[in-house]
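**Q** File protein_12.txt below, compact mmCIF, C-alpha atoms:
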# COMPACT_ATOMS: atom_id res chain seq x y z
CA MET A 1 31.83 -15.88 14.56
CA PRO A 2 31.39 -13.89 11.30
CA GLU A 3 34.25 -11.62 10.23
CA VAL A 4 33.38 -8.07 11.31
CA SER A 5 33.35 -5.52 8.49
CA LEU A 6 32.08 -2.42 10.34
CA LEU A 7 32.24 -1.18 13.93
CA VAL A 8 30.14 1.73 15.18
CA HIS A 9 31.85 2.54 18.45
CA ASP A 10 31.19 4.55 21.58
CA LEU A 11 27.61 5.56 20.87
CA SER A 12 25.81 7.49 23.57
CA ALA A 13 23.12 4.82 23.28
CA ALA A 14 21.71 2.07 21.08
CA VAL A 15 17.94 1.66 21.45
CA THR A 16 15.82 -1.19 20.10
CA PRO A 17 12.38 -2.77 20.64
CA ALA A 18 12.60 -5.66 23.06
CA GLY A 19 11.82 -9.30 22.33
CA SER A 20 10.91 -10.71 18.94
CA GLY A 21 7.88 -10.52 16.67
CA PRO A 22 5.17 -7.87 17.09
CA LEU A 23 4.78 -6.10 20.43
CA ARG A 24 1.31 -5.72 21.91
CA GLY A 25 -0.36 -5.21 25.26
CA ARG A 26 2.06 -4.53 28.12
CA GLU A 27 5.02 -5.29 25.84
CA PHE A 28 4.09 -2.53 23.37
CA GLY A 29 6.67 0.22 23.86
CA GLU A 30 9.14 -2.00 25.72
CA LEU A 31 12.68 -1.00 24.70
CA VAL A 32 16.20 -2.26 25.36
CA VAL A 33 18.62 0.63 25.88
CA TYR A 34 22.39 0.11 25.84
CA SER A 35 24.21 3.23 27.07
CA PRO A 36 26.97 3.60 26.05
CA ALA A 37 26.98 1.17 23.16
CA SER A 38 28.84 -0.20 20.18
CA ILE A 39 27.59 -2.23 17.21
CA THR A 40 29.49 -4.63 14.95
CA MET A 41 28.33 -5.75 11.54
CA ALA A 42 29.44 -8.38 9.02
CA GLY A 43 28.24 -7.57 5.53
CA ASP A 44 24.51 -6.94 5.76
CA ARG A 45 24.01 -8.49 9.22
CA ILE A 46 24.44 -7.29 12.79
CA VAL A 47 26.96 -9.35 14.74
CA ALA A 48 26.74 -7.75 18.19
CA VAL A 49 25.21 -4.77 19.97
CA GLY A 50 25.74 -3.75 23.56
CA PRO A 51 28.26 -2.17 25.96
CA PRO A 52 31.45 -1.24 24.06
CA ASP A 53 33.79 -3.49 26.05
CA GLU A 54 31.56 -6.54 25.55
CA VAL A 55 31.14 -5.90 21.82
CA LEU A 56 34.88 -5.37 21.25
CA SER A 57 35.75 -8.51 23.21
CA GLU A 58 34.04 -10.55 20.48
CA VAL A 59 36.07 -9.02 17.63
CA ARG A 60 39.00 -11.13 16.47
CA SER A 61 42.35 -9.63 17.42
CA GLY A 62 44.07 -8.10 14.39
CA ALA A 63 40.92 -8.09 12.27
CA GLU A 64 40.59 -5.29 9.72
CA TYR A 65 37.29 -3.44 9.52
CA GLU A 66 35.84 0.00 8.97
CA THR A 67 34.98 2.14 11.98
CA LEU A 68 32.43 4.89 12.58
CA ASP A 69 32.81 7.17 15.59
CA GLY A 70 29.49 7.18 17.45
CA ARG A 71 30.41 9.63 20.20
CA GLY A 72 27.54 12.04 20.86
CA ARG A 73 25.21 9.98 18.68
CA VAL A 74 22.51 7.37 19.21
CA ALA A 75 21.55 4.36 17.11
CA LEU A 76 18.08 3.05 16.32
CA PRO A 77 16.83 0.32 13.97
CA GLY A 78 16.23 1.57 10.45
CA LEU A 79 12.61 2.71 10.19
CA VAL A 80 10.06 0.53 8.38
CA ASP A 81 7.30 2.18 6.32
CA CYS A 82 4.64 -0.50 5.90
CA HIS A 83 2.08 1.55 3.92
CA ALA A 84 3.25 3.72 1.03
CA HIS A 85 2.08 4.48 -2.53
CA ALA A 86 5.41 5.47 -4.10
CA ALA A 87 4.72 4.22 -7.66
CA PHE A 88 2.96 7.11 -9.38
CA LEU A 89 3.44 9.85 -11.96
CA GLY A 90 2.05 13.37 -12.08
CA ASP A 91 0.95 15.50 -9.16
CA ARG A 92 -2.23 16.74 -7.48
CA ALA A 93 -1.16 20.25 -6.54
CA ALA A 94 -4.31 21.74 -8.09
CA GLU A 95 -6.47 19.45 -5.97
CA PHE A 96 -4.59 20.50 -2.86
CA GLU A 97 -5.53 24.06 -3.71
CA LEU A 98 -9.17 23.01 -4.11
CA ARG A 99 -9.11 21.28 -0.72
CA SER A 100 -7.58 24.33 0.92
CA SER A 101 -10.52 26.31 -0.49
CA GLY A 102 -13.03 23.98 1.13
CA ALA A 103 -13.58 21.08 -1.30
CA ALA A 104 -13.75 17.68 0.41
CA TYR A 105 -11.47 14.83 -0.66
CA GLU A 106 -14.46 12.57 -1.37
CA GLU A 107 -16.06 15.27 -3.53
CA ILE A 108 -12.91 15.58 -5.63
CA HIS A 109 -12.69 11.80 -5.98
CA ALA A 110 -16.33 11.50 -7.04
CA SER A 111 -15.89 14.18 -9.71
CA GLY A 112 -13.06 12.26 -11.40
CA GLY A 113 -10.13 13.74 -9.52
CA GLY A 114 -8.16 12.15 -6.71
CA ILE A 115 -6.97 8.63 -7.44
CA ARG A 116 -8.37 8.69 -10.98
CA SER A 117 -6.32 11.75 -11.95
CA THR A 118 -3.13 9.98 -10.85
CA VAL A 119 -4.24 6.86 -12.74
CA ALA A 120 -4.44 8.91 -15.94
CA ALA A 121 -0.96 10.37 -15.43
CA THR A 122 0.56 7.00 -14.51
CA ARG A 123 -0.97 5.21 -17.49
CA ALA A 124 0.50 7.86 -19.78
CA GLY A 125 4.07 7.30 -18.57
CA THR A 126 6.62 4.65 -19.45
CA GLU A 127 8.05 1.97 -17.21
CA ASP A 128 11.32 3.92 -17.15
CA ASP A 129 9.42 7.01 -16.00
CA LEU A 130 7.83 5.02 -13.19
CA ARG A 131 11.08 3.40 -12.08
CA ALA A 132 12.77 6.80 -11.93
CA ALA A 133 9.88 8.21 -9.90
CA VAL A 134 9.95 5.31 -7.43
CA GLU A 135 13.71 5.70 -7.01
CA ILE A 136 13.30 9.43 -6.30
CA HIS A 137 10.57 8.76 -3.74
CA LEU A 138 12.62 6.04 -2.03
CA GLY A 139 15.52 8.49 -1.84
CA TRP A 140 13.32 10.98 -0.02
CA MET A 141 12.22 8.28 2.41
CA LEU A 142 15.81 7.18 3.05
CA GLU A 143 16.78 10.76 3.96
CA HIS A 144 14.22 10.53 6.77
CA GLY A 145 15.56 7.23 8.12
CA THR A 146 13.40 4.69 6.27
CA THR A 147 15.43 1.62 5.30
CA THR A 148 12.53 -0.73 4.48
CA ALA A 149 9.39 0.38 2.65
CA GLU A 150 6.30 -1.14 1.19
CA THR A 151 5.41 0.25 -2.24
CA LYS A 152 1.95 -0.34 -3.67
CA SER A 153 0.80 -0.39 -7.26
CA GLY A 154 -2.79 0.74 -7.78
CA TYR A 155 -2.42 3.77 -10.03
CA GLY A 156 -2.75 1.67 -13.16
CA LEU A 157 -5.99 -0.30 -12.72
CA ASP A 158 -5.40 -2.06 -16.03
CA LEU A 159 -3.17 -4.98 -16.89
CA ASP A 160 -0.38 -3.12 -18.68
CA THR A 161 0.06 -0.35 -16.10
CA GLU A 162 -0.19 -2.62 -13.07
CA LEU A 163 2.47 -4.83 -14.63
CA LYS A 164 4.78 -1.93 -15.41
CA SER A 165 4.19 -0.49 -11.92
CA LEU A 166 5.18 -3.70 -10.14
CA ARG A 167 8.14 -4.22 -12.44
CA ALA A 168 9.26 -0.64 -11.77
CA ILE A 169 8.95 -1.24 -8.01
CA ARG A 170 11.08 -4.38 -8.22
CA GLU A 171 13.67 -2.65 -10.42
CA ALA A 172 13.84 0.29 -8.00
CA ASP A 173 14.43 -2.20 -5.19
CA GLN A 174 17.59 -3.38 -6.97
CA ALA A 175 18.84 0.20 -7.44
CA SER A 176 17.99 1.64 -4.02
CA PRO A 177 19.54 1.08 -0.58
CA VAL A 178 15.96 0.82 0.70
CA ASN A 179 14.59 -2.71 0.98
CA VAL A 180 11.31 -2.61 -1.00
CA HIS A 181 8.22 -4.76 -0.41
CA PRO A 182 5.86 -4.76 -3.47
CA THR A 183 2.08 -4.84 -2.93
CA PHE A 184 -0.60 -5.25 -5.61
CA LEU A 185 -3.34 -2.68 -4.98
CA GLY A 186 -5.49 -3.80 -7.88
CA ALA A 187 -8.68 -2.77 -6.10
CA HIS A 188 -7.85 0.88 -5.39
CA THR A 189 -10.88 2.40 -7.10
CA VAL A 190 -13.07 1.69 -10.13
CA PRO A 191 -11.51 3.12 -13.30
CA PRO A 192 -13.77 5.13 -15.64
CA GLU A 193 -14.00 2.45 -18.34
CA PHE A 194 -15.96 0.14 -16.01
CA GLU A 195 -19.59 0.70 -15.04
CA SER A 196 -19.52 -1.08 -11.69
CA ALA A 197 -17.18 -2.26 -8.95
CA ARG A 198 -18.34 -5.82 -9.43
CA GLU A 199 -17.52 -5.79 -13.15
CA TYR A 200 -14.10 -4.30 -12.50
CA VAL A 201 -13.22 -6.80 -9.75
CA GLU A 202 -14.09 -9.68 -12.08
CA PHE A 203 -11.75 -8.22 -14.67
CA VAL A 204 -8.96 -7.93 -12.09
CA VAL A 205 -9.46 -11.47 -10.79
CA GLU A 206 -9.68 -13.10 -14.22
CA ASP A 207 -7.31 -11.01 -16.36
CA VAL A 208 -4.90 -9.07 -14.16
CA LEU A 209 -4.21 -11.11 -11.03
CA PRO A 210 -2.71 -14.19 -12.77
CA GLU A 211 -0.14 -11.95 -14.48
CA VAL A 212 0.80 -9.67 -11.57
CA ALA A 213 0.74 -12.12 -8.64
CA PRO A 214 4.32 -13.37 -9.22
CA LEU A 215 5.57 -9.76 -8.94
CA ALA A 216 3.94 -8.95 -5.58
CA ARG A 217 4.12 -10.21 -2.00
CA ALA A 218 0.79 -8.81 -0.78
CA ALA A 219 -2.56 -7.59 -2.10
CA ASP A 220 -4.57 -4.60 -0.90
CA VAL A 221 -8.11 -3.26 -1.37
CA PHE A 222 -9.76 0.09 -0.64
CA LEU A 223 -13.00 -0.92 1.11
CA GLU A 224 -14.86 2.39 1.31
CA ARG A 225 -17.95 4.11 -0.02
CA GLY A 226 -17.35 5.17 -3.60
CA SER A 227 -14.79 2.39 -4.15
CA PHE A 228 -15.48 -1.21 -3.05
CA GLU A 229 -17.92 -2.77 -0.62
CA VAL A 230 -17.62 -6.06 1.27
CA PRO A 231 -18.83 -8.41 -1.53
CA GLU A 232 -16.30 -7.06 -4.06
CA ALA A 233 -13.53 -6.92 -1.45
CA ARG A 234 -14.19 -10.53 -0.43
CA ARG A 235 -14.10 -11.74 -4.04
CA TYR A 236 -10.84 -9.90 -4.71
CA LEU A 237 -9.09 -10.88 -1.47
CA GLU A 238 -10.05 -14.54 -1.65
CA ALA A 239 -8.71 -14.70 -5.20
CA CYS A 240 -5.48 -13.00 -4.15
CA ARG A 241 -5.08 -15.38 -1.22
CA ALA A 242 -5.37 -18.30 -3.64
CA TYR A 243 -2.28 -16.95 -5.40
CA GLY A 244 -0.36 -16.87 -2.11
CA LEU A 245 -0.51 -13.12 -1.54
CA VAL A 246 -0.70 -11.70 1.98
CA LEU A 247 -3.94 -9.75 2.50
CA ARG A 248 -4.04 -6.03 3.38
CA MET A 249 -7.00 -3.64 3.56
CA HIS A 250 -7.66 0.10 3.53
CA ALA A 251 -10.43 0.18 6.14
CA ASP A 252 -12.69 2.65 7.95
CA GLN A 253 -11.08 5.78 6.52
CA PHE A 254 -14.35 7.70 6.11
CA SER A 255 -16.99 5.19 7.25
CA GLU A 256 -17.41 1.78 8.88
CA ARG A 257 -18.56 -0.61 6.15
CA GLY A 258 -17.81 -4.07 7.51
CA ALA A 259 -14.10 -4.09 6.72
CA LEU A 260 -12.90 -5.21 10.15
CA PRO A 261 -15.08 -8.33 10.44
CA LEU A 262 -14.04 -9.30 6.91
CA ALA A 263 -10.36 -8.77 7.70
CA ILE A 264 -10.58 -10.87 10.86
CA GLU A 265 -12.51 -13.63 9.06
CA LEU A 266 -10.02 -13.82 6.18
CA GLY A 267 -6.94 -13.52 8.38
CA ALA A 268 -5.68 -10.31 6.80
CA ARG A 269 -2.26 -9.15 7.91
CA SER A 270 -3.46 -5.60 8.50
CA VAL A 271 -6.22 -3.04 8.28
CA ASP A 272 -4.96 0.46 7.59
CA HIS A 273 -6.44 3.93 8.38
CA LEU A 274 -9.22 3.31 10.96
CA GLU A 275 -10.14 6.99 11.38
CA ALA A 276 -13.84 6.02 11.45
CA THR A 277 -13.46 2.92 13.64
CA GLY A 278 -15.70 2.82 16.71
CA GLU A 279 -15.10 1.19 20.10
CA GLU A 280 -16.70 -2.13 19.16
CA GLY A 281 -14.52 -2.47 16.07
CA ALA A 282 -11.38 -1.48 17.96
CA ARG A 283 -12.00 -4.08 20.67
CA ALA A 284 -12.69 -6.80 18.11
CA LEU A 285 -9.49 -5.91 16.30
CA ALA A 286 -7.52 -6.00 19.57
CA LYS A 287 -8.59 -9.61 20.13
CA SER A 288 -7.39 -10.67 16.68
CA ALA A 289 -4.03 -11.18 14.97
CA VAL A 290 -4.78 -8.39 12.45
CA THR A 291 -2.48 -5.37 12.79
CA ALA A 292 -3.94 -1.87 13.03
CA VAL A 293 -1.81 0.37 10.79
CA LEU A 294 -2.38 4.02 11.68
CA LEU A 295 -1.65 6.81 9.20
CA PRO A 296 -1.74 10.11 11.11
CA ALA A 297 -0.20 12.21 8.32
CA CYS A 298 -3.20 11.37 6.13
CA GLY A 299 -5.54 12.32 8.95
CA LEU A 300 -3.72 15.62 9.30
CA PHE A 301 -3.78 16.36 5.56
CA LEU A 302 -7.51 15.56 5.24
CA ASP A 303 -8.56 16.87 8.67
CA LEU A 304 -10.05 13.50 9.63
CA PRO A 305 -10.98 12.34 13.13
CA ALA A 306 -8.15 10.60 14.94
CA PRO A 307 -8.29 6.79 14.95
CA PRO A 308 -8.77 5.17 18.38
CA ALA A 309 -5.04 4.62 18.86
CA ARG A 310 -5.00 4.66 22.64
CA LEU A 311 -7.95 2.27 22.90
CA LEU A 312 -6.35 -0.11 20.41
CA ALA A 313 -3.06 -0.09 22.29
CA ASP A 314 -4.64 -0.45 25.72
CA GLU A 315 -6.86 -3.31 24.58
CA GLY A 316 -3.86 -5.21 23.22
CA ALA A 317 -4.01 -4.68 19.46
CA ILE A 318 -0.89 -4.90 17.32
CA VAL A 319 -0.37 -1.25 16.33
CA ALA A 320 1.90 -0.05 13.53
CA LEU A 321 2.54 3.37 11.99
CA ALA A 322 3.18 4.35 8.36
CA THR A 323 3.31 7.45 6.18
CA ASP A 324 0.66 6.54 3.56
CA PHE A 325 2.97 8.47 1.19
CA ASN A 326 0.92 9.27 -1.91
CA PRO A 327 0.40 12.22 -4.27
CA GLY A 328 -2.98 13.32 -2.93
CA SER A 329 -4.03 12.59 0.62
CA SER A 330 -0.64 12.21 2.35
CA PHE A 331 2.28 13.75 0.49
CA CYS A 332 4.60 12.87 3.36
CA GLU A 333 7.68 10.66 3.18
CA SER A 334 8.82 11.22 6.78
CA LEU A 335 8.27 8.54 9.41
CA PRO A 336 9.79 10.82 12.11
CA LEU A 337 6.97 13.29 11.39
CA VAL A 338 4.45 10.44 11.58
CA MET A 339 5.93 9.36 14.92
CA ASN A 340 5.60 12.92 16.20
CA LEU A 341 1.94 13.02 15.13
CA ALA A 342 1.36 9.66 16.81
CA CYS A 343 2.56 11.20 20.07
CA THR A 344 0.90 14.61 19.74
CA ARG A 345 -2.40 13.63 18.07
CA LEU A 346 -2.94 9.94 18.83
CA GLY A 347 -1.72 9.67 22.40
CA LEU A 348 1.09 7.17 21.88
CA SER A 349 4.32 7.45 23.84
CA PRO A 350 7.66 7.94 22.05
CA ALA A 351 8.59 4.35 22.89
CA GLU A 352 5.32 3.04 21.46
CA ALA A 353 5.77 5.15 18.33
CA LEU A 354 9.25 3.72 17.83
CA CYS A 355 8.03 0.12 18.22
CA ALA A 356 5.13 0.83 15.85
CA SER A 357 7.53 2.17 13.17
CA THR A 358 10.07 -0.63 13.45
CA ALA A 359 9.25 -4.06 14.89
CA ASN A 360 5.48 -3.91 14.39
CA ALA A 361 5.76 -2.40 10.91
CA ALA A 362 8.22 -5.15 9.99
CA HIS A 363 5.65 -7.71 11.16
CA VAL A 364 3.09 -6.23 8.76
CA LEU A 365 5.50 -6.89 5.90
CA GLY A 366 6.26 -10.40 7.14
CA LEU A 367 9.90 -9.55 7.81
CA GLY A 368 11.44 -11.21 10.84
CA ASP A 369 14.95 -9.80 10.43
CA VAL A 370 14.40 -6.04 10.36
CA GLY A 371 13.07 -3.53 12.88
CA ARG A 372 15.48 -4.36 15.71
CA LEU A 373 19.14 -3.99 16.61
CA ALA A 374 20.06 -7.58 17.44
CA PRO A 375 22.49 -10.25 16.27
CA GLY A 376 21.43 -11.82 12.98
CA TYR A 377 19.15 -8.94 11.99
CA ARG A 378 19.79 -6.93 8.85
CA ALA A 379 22.40 -4.23 9.38
CA ASP A 380 19.85 -1.44 8.90
CA VAL A 381 21.13 0.96 11.54
CA LEU A 382 19.95 4.54 11.85
CA VAL A 383 22.59 6.72 13.52
CA LEU A 384 21.22 10.04 14.76
CA ASP A 385 23.44 13.08 15.21
CA ALA A 386 21.61 13.75 18.46
CA PRO A 387 22.24 13.12 22.17
CA ASP A 388 18.91 11.35 22.84
CA TRP A 389 16.96 8.73 20.84
CA ARG A 390 13.71 10.68 21.29
CA TYR A 391 15.00 13.31 18.87
I need this file expressed as structure tokens, please.

**A**
Amino acid sequence: MPEVSLLVHDLSAAVTPAGSGPLRGREFGELVVYSPASITMAGDRIVAVGPPDEVLSEVRSGAEYETLDGRGRVALPGLVDCHAHAAFLGDRAAEFELRSSGAAYEEIHASGGGIRSTVAATRAGTEDDLRAAVEIHLGWMLEHGTTTAETKSGYGLDLDTELKSLRAIREADQASPVNVHPTFLGAHTVPPEFESAREYVEFVVEDVLPEVAPLARAADVFLERGSFEVPEARRYLEACRAYGLVLRMHADQFSERGALPLAIELGARSVDHLEATGEEGARALAKSAVTAVLLPACGLFLDLPAPPARLLADEGAIVALATDFNPGSSFCESLPLVMNLACTRLGLSPAEALCASTANAAHVLGLGDVGRLAPGYRADVLVLDAPDWRY
């Protein structure tokens, strides 16, 4: 038995997704509730969680450890944000004003704003600037209960800036309490110095990918009108897979363009957004191992149709939630807000929203030891100063 270093005692409750791995179908939303509860930890691992008497019975008599009084509080697994763009410089406040006056996001993007404006600001900064920005953004996320977060590159779109972005992400991981998962979003949009998506993707595959692949765990592509279509996405993703990167896709945000069949064919870990996904696509996704990552804060910011969350869940898809934190279309670092939107706009239950923001989000990142309160899992414990976990 490991030597206990921390005891959280006499909690009103400890609540965790049941089982192991991703939850889908009838298991989606299944929780284990210990009430009252205590939790012991040894270093960065959970030793025991359950009724206080049972947990204390496993602690060595006379052992010295820190204690935290949990009376009147509840514990949850640390939240997992599996889709976030935290590595950027500059802001898009002026574009927000344009959107509030009626300009559409796609119009702004097509005119050189949107992603491209952030690319210009990020290219102009130093690696130290980027690292500091990522650390600030991770701090905001931690304040809202996020203990594990994906962070994408993709605001460089050239070799030097993609390298400095991924290095900054990895350096911020060392400095932050948040566990950071770096993703190479080399195919975010076509930068202005290239005439076509095809030409740019060839540049990424031949010149950028070999250098950045060792710094990332996954690769992502924005398959959407005005960015990349299926042929370019396939070329990029297959090349990334050859370097051992897990495949992710921005899919069906504004239009259905064949992203879901490609994701299923290539065995992508996830497709993210899905605001434009129809019933046929949702049912195909539900039969696959590809996770549907829903981003309701982005839908709220851009006034997009809601993705078919209830259909996906009912048909048995793996459903996860994330903030899509970025400077333009989802300036939101709060997973609790996203969980609220999942319940109020997407039709998920609180229990489903919790599973989607913990165990299922951890699955998207390939992490088998976060997203639950259970022995052997990372000691990422969110203690709420609230009498009920649904707060």

**Q** Expressed in Å to a single decimal, how great is the separation between atom CA of A:His83 and atom CA of A:Asp324?

**A**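 Answer for the atom CA of A:His83 to atom CA of A:Asp324 separation: 5.2 Å.
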
**Q** Just give me the residues with any atom within 10 Å of (-2.0, -7.4, -21.9), file coordinates, counting all atoms listed in the file, written as number ranges by chain.

**A** A: 158-161, 163, 207-208, 211

**Q** Quick one: pull the distance between atom CA of A:Gly371 and atom CA of A:Gly139, Å, one decimal.

**A**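 A separation of 19.2 Å between them.
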
**Q** What are the closest atom pairs, with distances in Å to one decimal, for each residue of stretch 68-93 of chain A lying within 10 Å of stretch 24-37 of chain A, using all atoms listed in the file, rows by chain and rising residue number, as JSON lines?

**A**
{"residue": "A:Gly70", "atom": "CA", "partner": "A:Ala37", "partner_atom": "CA", "distance": 8.7}
{"residue": "A:Arg71", "atom": "CA", "partner": "A:Pro36", "partner_atom": "CA", "distance": 9.1}
{"residue": "A:Gly72", "atom": "CA", "partner": "A:Pro36", "partner_atom": "CA", "distance": 9.9}
{"residue": "A:Arg73", "atom": "CA", "partner": "A:Pro36", "partner_atom": "CA", "distance": 9.9}
{"residue": "A:Val74", "atom": "CA", "partner": "A:Ala37", "partner_atom": "CA", "distance": 8.6}
{"residue": "A:Ala75", "atom": "CA", "partner": "A:Ala37", "partner_atom": "CA", "distance": 8.7}
{"residue": "A:Leu76", "atom": "CA", "partner": "A:Val33", "partner_atom": "CA", "distance": 9.9}

**Q** Output as a tab-separated table one row per residue of stretch 51-133 of chain A within 12 Å of stretch 213-221 of chain A: the closest atom pair and its distance in Å to one decimal place, counting all atoms listed in the file, sorted by chain and residue number ascending.

**A**
residue	atom	partner	partner_atom	distance
A:Cys82	CA	A:Ala218	CA	11.3
A:His83	CA	A:Asp220	CA	10.3
A:Ala84	CA	A:Asp220	CA	11.6
A:His85	CA	A:Asp220	CA	11.4

**Q** Would you please work out which residue, of A:Asp129, A:His188, A:Leu245, A:Leu142, is nearest to A:Leu157 when using only C-alpha atoms?

**A** A:His188

**Q** Looking at A:His137, A:Arg310, A:Arg378, A:Arg123, which one is nearest to A:Gly156, with distances taken over only C-alpha atoms?

**A** A:Arg123

**Q** My list of candidates is A:Glu150, A:Glu193, A:Glu171, A:Glu279. Which is closest to A:Arg116 when distances are computed with all atoms listed in the file?

**A** A:Glu193

**Q** Which neighbours of stretch 233-240 of chain A fall inside 9 Å, counting only C-alpha atoms, when residues of the same chain fewer than 2 positions from it are skipped, and could you give them as a JSON list (two decimals) with C-alpha atoms, keeping the file's coordinate frame?

**A**
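Ended up saving to selection-v3.json:
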[["chain", "number", "residue", "atom", "x", "y", "z"],
["A", 186, "GLY", "CA", -5.49, -3.80, -7.88],
["A", 187, "ALA", "CA", -8.68, -2.77, -6.10],
["A", 201, "VAL", "CA", -13.22, -6.80, -9.75],
["A", 202, "GLU", "CA", -14.09, -9.68, -12.08],
["A", 204, "VAL", "CA", -8.96, -7.93, -12.09],
["A", 205, "VAL", "CA", -9.46, -11.47, -10.79],
["A", 209, "LEU", "CA", -4.21, -11.11, -11.03],
["A", 213, "ALA", "CA", 0.74, -12.12, -8.64],
["A", 218, "ALA", "CA", 0.79, -8.81, -0.78],
["A", 219, "ALA", "CA", -2.56, -7.59, -2.10],
["A", 220, "ASP", "CA", -4.57, -4.60, -0.90],
["A", 221, "VAL", "CA", -8.11, -3.26, -1.37],
["A", 222, "PHE", "CA", -9.76, 0.09, -0.64],
["A", 223, "LEU", "CA", -13.00, -0.92, 1.11],
["A", 228, "PHE", "CA", -15.48, -1.21, -3.05],
["A", 229, "GLU", "CA", -17.92, -2.77, -0.62],
["A", 230, "VAL", "CA", -17.62, -6.06, 1.27],
["A", 231, "PRO", "CA", -18.83, -8.41, -1.53],
["A", 242, "ALA", "CA", -5.37, -18.30, -3.64],
["A", 243, "TYR", "CA", -2.28, -16.95, -5.40],
["A", 244, "GLY", "CA", -0.36, -16.87, -2.11],
["A", 245, "LEU", "CA", -0.51, -13.12, -1.54],
["A", 246, "VAL", "CA", -0.70, -11.70, 1.98],
["A", 247, "LEU", "CA", -3.94, -9.75, 2.50],
["A", 248, "ARG", "CA", -4.04, -6.03, 3.38],
["A", 249, "MET", "CA", -7.00, -3.64, 3.56],
["A", 259, "ALA", "CA", -14.10, -4.09, 6.72],
["A", 262, "LEU", "CA", -14.04, -9.30, 6.91],
["A", 266, "LEU", "CA", -10.02, -13.82, 6.18],
["A", 268, "ALA", "CA", -5.68, -10.31, 6.80]]

**Q** Using all atoms listed in the file, give me every residue within 8 Å of (-7.3, 0.2, 18.9) in file coordinates, as a list in words.

**A**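 Counting all atoms listed in the file, I find these residues within 8 Å of (-7.3, 0.2, 18.9): Glu279, Ala282, Arg283, Leu285, Ala286, Ala292, Pro307, Pro308, Ala309, Arg310, Leu311, Leu312, Ala313, Asp314, Glu315, Gly316, Ala317 and Val319 of chain A.
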